[in-house]
>>> print(open('run.csv').read())   # CSV, C-alpha atoms
chain,number,residue,atom,x,y,z
A,199,MET,CA,6.4,-7.0,35.0
A,200,LYS,CA,5.7,-3.6,33.3
A,201,LYS,CA,9.1,-3.7,31.7
A,202,ALA,CA,8.5,-7.2,30.4
A,203,LEU,CA,5.2,-6.2,28.9
A,204,LEU,CA,6.8,-3.1,27.3
A,205,PHE,CA,9.6,-5.2,25.8
A,206,LEU,CA,7.0,-7.6,24.4
A,207,SER,CA,4.9,-4.9,22.8
A,208,LEU,CA,8.0,-3.3,21.2
A,209,PHE,CA,9.1,-6.7,19.9
A,210,VAL,CA,5.7,-7.4,18.4
A,211,ALA,CA,5.6,-4.0,16.8
A,212,GLY,CA,9.1,-4.5,15.4
A,213,MET,CA,8.1,-7.9,13.9
A,214,THR,CA,5.1,-6.3,12.3
A,215,CYS,CA,7.2,-3.6,10.7
A,216,LEU,CA,9.6,-6.3,9.4
A,217,GLN,CA,6.7,-8.3,7.8
A,218,ALA,CA,5.1,-5.2,6.2
A,219,GLN,CA,7.5,-4.8,3.3
A,220,CYS,CA,6.8,-4.3,-0.4
A,221,THR,CA,8.4,-6.2,-3.3
A,222,ILE,CA,10.6,-4.2,-5.6
A,223,THR,CA,9.3,-4.5,-9.1
A,224,PRO,CA,10.8,-1.8,-11.3
A,225,SER,CA,8.0,-0.4,-13.5
A,226,CYS,CA,9.5,2.6,-15.2
A,227,SER,CA,12.7,3.7,-16.9
A,228,VAL,CA,14.6,6.9,-16.2
A,229,THR,CA,14.8,8.9,-19.5
A,230,THR,CA,15.2,12.4,-18.1
A,231,GLY,CA,15.8,13.7,-14.7
A,232,ALA,CA,17.2,11.8,-11.7
A,233,TYR,CA,14.4,9.3,-11.1
A,234,CYS,CA,11.0,8.0,-12.2
A,235,SER,CA,8.2,6.5,-10.2
A,236,THR,CA,4.9,4.6,-10.5
A,237,PRO,CA,2.5,6.3,-9.8
A,238,ALA,CA,4.3,9.3,-11.2
A,239,THR,CA,5.0,12.1,-8.7
A,240,GLY,CA,2.4,14.8,-8.8
A,241,SER,CA,-0.3,12.2,-9.6
A,242,SER,CA,-2.9,10.6,-7.3
A,243,LEU,CA,-2.6,7.4,-5.3
A,244,PRO,CA,-5.6,5.1,-5.2
A,245,ASN,CA,-8.3,6.6,-3.0
A,246,ALA,CA,-8.9,5.4,0.5
A,247,THR,CA,-12.0,5.3,2.8
A,248,GLU,CA,-12.3,5.8,6.5
A,249,LEU,CA,-12.3,2.6,8.5
A,250,VAL,CA,-11.6,0.5,5.4
A,251,ALA,CA,-8.2,-1.3,5.1
A,252,TYR,CA,-5.9,0.4,2.6
A,253,ASN,CA,-2.8,-0.9,0.8
A,254,THR,CA,-0.8,0.6,-2.0
A,255,VAL,CA,2.8,0.4,-3.3
A,256,ILE,CA,4.9,3.1,-4.9
A,257,GLN,CA,7.8,2.0,-7.1
A,258,VAL,CA,10.8,4.3,-7.6
A,259,THR,CA,13.8,3.9,-9.9
A,260,LEU,CA,16.9,6.1,-9.5
A,261,GLY,CA,19.0,7.2,-12.4
A,262,THR,CA,22.8,7.3,-12.6
A,263,MET,CA,23.3,10.9,-13.9
A,264,ILE,CA,21.7,14.3,-13.4
A,265,GLY,CA,23.3,16.8,-15.8
A,266,PRO,CA,27.1,16.4,-15.5
A,267,ALA,CA,26.9,14.9,-12.0
A,268,THR,CA,27.0,11.2,-11.1
A,269,ILE,CA,24.2,10.0,-8.8
A,270,ASN,CA,25.7,7.9,-6.1
A,271,SER,CA,22.6,7.2,-4.1
A,272,ALA,CA,19.4,8.8,-2.7
A,273,THR,CA,18.2,8.5,0.9
A,274,VAL,CA,14.6,8.7,1.9
A,275,THR,CA,14.8,10.5,5.2
A,276,SER,CA,11.1,10.7,6.1
A,277,VAL,CA,7.6,10.5,4.7
A,278,THR,CA,5.0,13.1,5.8
A,279,GLY,CA,1.4,14.0,5.2
A,280,LEU,CA,-0.2,10.6,5.7
A,281,PRO,CA,-3.7,10.6,7.2
A,282,SER,CA,-4.2,9.2,10.7
A,283,GLY,CA,-4.2,5.4,10.6
A,284,LEU,CA,-1.8,4.9,7.7
A,285,SER,CA,1.9,4.2,7.9
A,286,TYR,CA,4.7,3.4,5.5
A,287,SER,CA,7.6,1.1,5.1
A,288,ILE,CA,10.5,1.2,2.5
A,289,ASN,CA,12.4,-1.6,0.8
A,290,PRO,CA,15.4,-1.3,1.2
A,291,SER,CA,14.5,-0.8,4.9
A,292,ASN,CA,17.3,1.7,5.4
A,293,GLY,CA,15.8,4.0,2.8
A,294,VAL,CA,19.0,4.1,0.7
A,295,ILE,CA,18.6,3.7,-3.1
A,296,ASN,CA,21.9,3.2,-5.0
A,297,GLY,CA,22.3,5.0,-8.3
A,298,GLY,CA,20.8,2.9,-11.1
A,299,SER,CA,18.7,0.7,-8.7
A,300,SER,CA,15.1,0.7,-7.6
A,301,ALA,CA,13.1,0.7,-4.3
A,302,CYS,CA,9.5,0.6,-3.2
A,303,MET,CA,7.3,2.2,-0.5
A,304,LEU,CA,4.3,0.4,1.0
A,305,ILE,CA,1.5,2.5,2.4
A,306,THR,CA,-0.9,0.5,4.5
A,307,GLY,CA,-3.3,0.7,7.4
A,308,THR,CA,-6.9,1.8,8.1
A,309,PRO,CA,-7.8,5.5,7.8
A,310,ALA,CA,-9.2,6.7,11.1
A,311,THR,CA,-12.6,8.2,11.7
A,312,GLY,CA,-12.5,11.9,10.8
A,313,SER,CA,-9.5,11.6,8.5
A,314,ALA,CA,-11.6,12.3,5.3
A,315,GLY,CA,-9.9,14.8,3.1
A,316,THR,CA,-7.1,15.3,0.5
A,317,TYR,CA,-3.5,14.8,1.6
A,318,SER,CA,-0.1,15.6,0.0
A,319,VAL,CA,2.0,12.5,0.8
A,320,THR,CA,5.6,13.7,0.7
A,321,ALA,CA,8.8,11.7,0.6
A,322,ASN,CA,11.7,13.8,1.8
A,323,VAL,CA,14.8,12.6,-0.1
A,324,THR,CA,18.5,13.5,-0.1
A,325,VAL,CA,20.2,12.9,-3.4
A,326,ASN,CA,23.9,12.2,-3.1
A,327,THR,CA,25.9,13.1,-6.2
A,328,SER,CA,29.5,13.6,-7.2
A,329,PHE,CA,28.9,17.3,-6.8
A,330,GLY,CA,27.5,17.0,-3.3
A,331,SER,CA,24.1,16.3,-1.6
A,332,GLN,CA,20.9,17.9,-2.6
A,333,PRO,CA,17.5,17.7,-0.8
A,334,THR,CA,14.4,17.1,-2.8
A,335,THR,CA,10.8,16.1,-2.3
A,336,LEU,CA,8.5,13.5,-4.1
A,337,ILE,CA,4.8,14.3,-3.7
A,338,TRP,CA,1.7,12.3,-4.4
A,339,THR,CA,-2.0,13.2,-3.6
A,340,LEU,CA,-4.1,10.8,-1.5
A,341,THR,CA,-7.9,11.4,-1.1
A,342,VAL,CA,-9.7,9.7,1.9
A,343,SER,CA,-13.4,9.5,1.6
A,344,ALA,CA,-15.8,9.6,4.6
A,345,SER,CA,-17.1,6.3,5.9
A,346,THR,CA,-20.8,5.8,5.3
A,347,GLY,CA,-21.0,2.6,7.3
A,348,ILE,CA,-21.0,-1.1,6.6
A,349,ALA,CA,-23.9,-0.8,4.1
A,350,ASN,CA,-21.6,1.1,1.8
A,351,LEU,CA,-19.3,-1.9,1.6
A,352,SER,CA,-22.1,-4.2,0.2
A,353,ALA,CA,-23.8,-1.6,-2.0
A,354,ASN,CA,-21.5,-0.3,-4.6
A,355,GLU,CA,-22.0,0.9,-8.2
A,356,THR,CA,-19.7,-1.9,-9.2
A,357,ASN,CA,-21.2,-5.3,-8.9
A,358,LEU,CA,-19.0,-7.5,-6.7
A,359,MET,CA,-20.6,-10.5,-4.9
A,360,ILE,CA,-18.8,-12.5,-2.2
A,361,VAL,CA,-20.4,-15.7,-0.8
A,362,PRO,CA,-20.7,-17.2,1.7
A,363,ASN,CA,-20.4,-14.5,4.3
A,364,PRO,CA,-19.5,-15.5,7.1
A,365,ALA,CA,-17.1,-18.0,5.4
A,366,LYS,CA,-15.4,-21.0,6.8
A,367,SER,CA,-12.8,-22.3,4.3
A,368,GLU,CA,-13.5,-20.6,1.0
A,369,LEU,CA,-14.8,-17.3,-0.3
A,370,ASN,CA,-16.4,-17.1,-3.8
A,371,LEU,CA,-16.0,-13.8,-5.7
A,372,THR,CA,-18.0,-12.8,-8.8
A,373,ALA,CA,-18.0,-9.4,-10.5
A,374,ASP,CA,-19.1,-7.6,-13.6
A,375,PHE,CA,-15.4,-6.7,-14.4
A,376,HIS,CA,-12.2,-8.7,-14.8
A,377,PHE,CA,-10.1,-9.1,-11.8
A,378,GLN,CA,-6.4,-8.3,-11.8
A,379,LYS,CA,-5.4,-8.4,-8.2
A,380,ILE,CA,-7.1,-9.6,-5.0
A,381,ARG,CA,-5.9,-8.6,-1.5
A,382,VAL,CA,-7.3,-9.6,1.8
A,383,PHE,CA,-6.6,-7.4,4.9
A,384,ASP,CA,-7.3,-8.0,8.5
A,385,ALA,CA,-9.2,-5.5,10.8
A,386,LEU,CA,-5.8,-3.8,11.5
A,387,GLY,CA,-5.0,-3.2,7.8
A,388,ASN,CA,-2.3,-5.9,7.7
A,389,LEU,CA,-2.1,-7.8,4.4
A,390,SER,CA,-3.2,-11.4,5.1
A,391,LEU,CA,-3.6,-12.9,1.6
A,392,ALA,CA,-2.7,-11.9,-2.0
A,393,GLN,CA,-3.7,-13.5,-5.3
A,394,GLU,CA,-3.1,-12.6,-8.9
A,395,VAL,CA,-6.1,-13.4,-11.1
A,396,ASN,CA,-5.5,-11.6,-14.4
A,397,GLY,CA,-8.5,-11.7,-16.7
A,398,LEU,CA,-11.0,-13.6,-14.5
A,399,TYR,CA,-14.3,-12.3,-13.3
A,400,LYS,CA,-15.0,-15.2,-11.0
A,401,THR,CA,-12.7,-16.9,-8.6
A,402,THR,CA,-12.5,-18.7,-5.2
A,403,LEU,CA,-10.2,-17.7,-2.3
A,404,ASP,CA,-8.8,-20.3,0.0
A,405,LEU,CA,-9.2,-19.0,3.6
A,406,GLY,CA,-7.7,-22.0,5.3
A,407,LYS,CA,-4.7,-20.1,6.6
A,408,LEU,CA,-6.7,-17.2,8.0
A,409,ASN,CA,-7.6,-17.0,11.7
A,410,SER,CA,-11.2,-16.3,12.6
A,411,GLY,CA,-12.2,-12.7,12.6
A,412,ILE,CA,-13.2,-9.7,10.4
A,413,TYR,CA,-11.5,-9.2,7.1
A,414,PHE,CA,-11.7,-6.9,4.0
A,415,VAL,CA,-11.3,-8.3,0.5
A,416,GLN,CA,-10.0,-5.7,-2.0
A,417,VAL,CA,-10.3,-6.3,-5.7
A,418,THR,CA,-8.8,-4.2,-8.5
A,419,ASP,CA,-8.9,-4.4,-12.3
A,420,GLY,CA,-6.0,-2.0,-12.6
A,421,ASN,CA,-8.2,1.2,-12.6
A,422,LYS,CA,-10.8,0.9,-9.9
A,423,VAL,CA,-10.6,-0.7,-6.4
A,424,VAL,CA,-13.6,-2.3,-4.8
A,425,THR,CA,-13.6,-3.4,-1.1
A,426,ARG,CA,-15.9,-5.7,0.7
A,427,LYS,CA,-16.1,-6.8,4.3
A,428,PHE,CA,-16.5,-10.5,5.4
A,429,ILE,CA,-16.2,-12.7,8.4
A,430,LYS,CA,-14.0,-15.8,8.7
A,431,GLU,CA,-15.4,-18.3,11.1
>>> encode(input="run.csv", output="structure tokens")
Amino acid sequence: MKKALLFLSLFVAGMTCLQAQCTITPSCSVTTGAYCSTPATGSSLPNATELVAYNTVIQVTLGTMIGPATINSATVTSVTGLPSGLSYSINPSNGVINGGSSACMLITGTPATGSAGTYSVTANVTVNTSFGSQPTTLIWTLTVSASTGIANLSANETNLMIVPNPAKSELNLTADFHFQKIRVFDALGNLSLAQEVNGLYKTTLDLGKLNSGIYFVQVTDGNKVVTRKFIKE
């Protein structure tokens, strides 16, 4: 019985990893060096908050030449420095990026209590060239803010209203800024719903496919990210 339960838990975990994959959308062109990324290496990822669902994607494009050497591929061997509660997945899933192609890395989850601080998120990469293999690192900064409780989710300097809450089938969003992307995460930080709403400051989300439970709606205008908690009945 214990073996069966262990197999089931591993199977479910494996299915979750398969579903948590980003979409490759090349967003930069390699002009100098071996690669480019969005956000650029050395820059900051969107900030996170303890106990609030987090989701961000890094896009990477690999060049074909570095000096006189031809770039055959690059392999992401590991990603270190993530705060407790966050994990990563890569597309392609084997972490191999062929020369002249692109890949993406999804960072998702819910930062744990006590994880507030600034982190150096490091992708350890082996670049395979016609002159041999060379290890390198790609580093971004991630800041996690301390949780101040549920009240902080409904009282923000940016005006974002969500009604009704609890919601049954629809959630109405109104803000004092124009939406670009809306994401809904469940209590475990899994992406449950995504919607592109370029230019709107008022929209309605269809919650019909969501199970009952606690969710977080995350809205961005391309610069700032605002998160609110709601309940789906």
>>> residues_around(input="run.csv", residues="Val277 of chain A", least_positions_apart="6", cutoff="7 Å", atoms="all atoms listed in the file", output="PyMOL selection string")
chain A and resi 320-322
>>> write_last_selection(input="run.csv", atoms="C-alpha atoms", output="PDB file, in the frame of the given file")
ATOM      1  CA  THR A 320       5.600  13.700   0.700  1.00  0.00           C
ATOM      2  CA  ALA A 321       8.800  11.700   0.600  1.00  0.00           C
ATOM      3  CA  ASN A 322      11.700  13.800   1.800  1.00  0.00           C
TER       4      ASN A 322
END
>>> closest_residue(input="run.csv", among="A:Gln332, A:Thr247, A:Thr418, A:Ser242", to="Ala373 of chain A", atoms="all atoms listed in the file")
A:Thr418
>>> atom_distance(input="run.csv", atom1="atom CA of Asn292 of chain A", atom2="atom CA of Gln219 of chain A")
11.9 Å
>>> atom_distance(input="run.csv", atom1="atom CA of Val423 of chain A", atom2="atom CA of Lys366 of chain A")
24.7 Å
>>> atom_distance(input="run.csv", atom1="atom CA of Phe329 of chain A", atom2="atom CA of Ala238 of chain A")
26.2 Å
>>> residues_around(input="run.csv", residues="Gly265 of chain A", least_positions_apart="5", cutoff="10 Å", atoms="only C-alpha atoms", output="PDB file with C-alpha atoms, in the frame of the given file")
ATOM      1  CA  THR A 230      15.200  12.400 -18.100  1.00  0.00           C
ATOM      2  CA  GLY A 231      15.800  13.700 -14.700  1.00  0.00           C
ATOM      3  CA  ALA A 232      17.200  11.800 -11.700  1.00  0.00           C
TER       4      ALA A 232
END
>>> residues_near_point(input="run.csv", point="(8.5, 3.2, 6.9)", cutoff="8 Å", atoms="all atoms listed in the file", output="PyMOL selection string")
chain A and resi 215+276-277+285-288+291+303-304
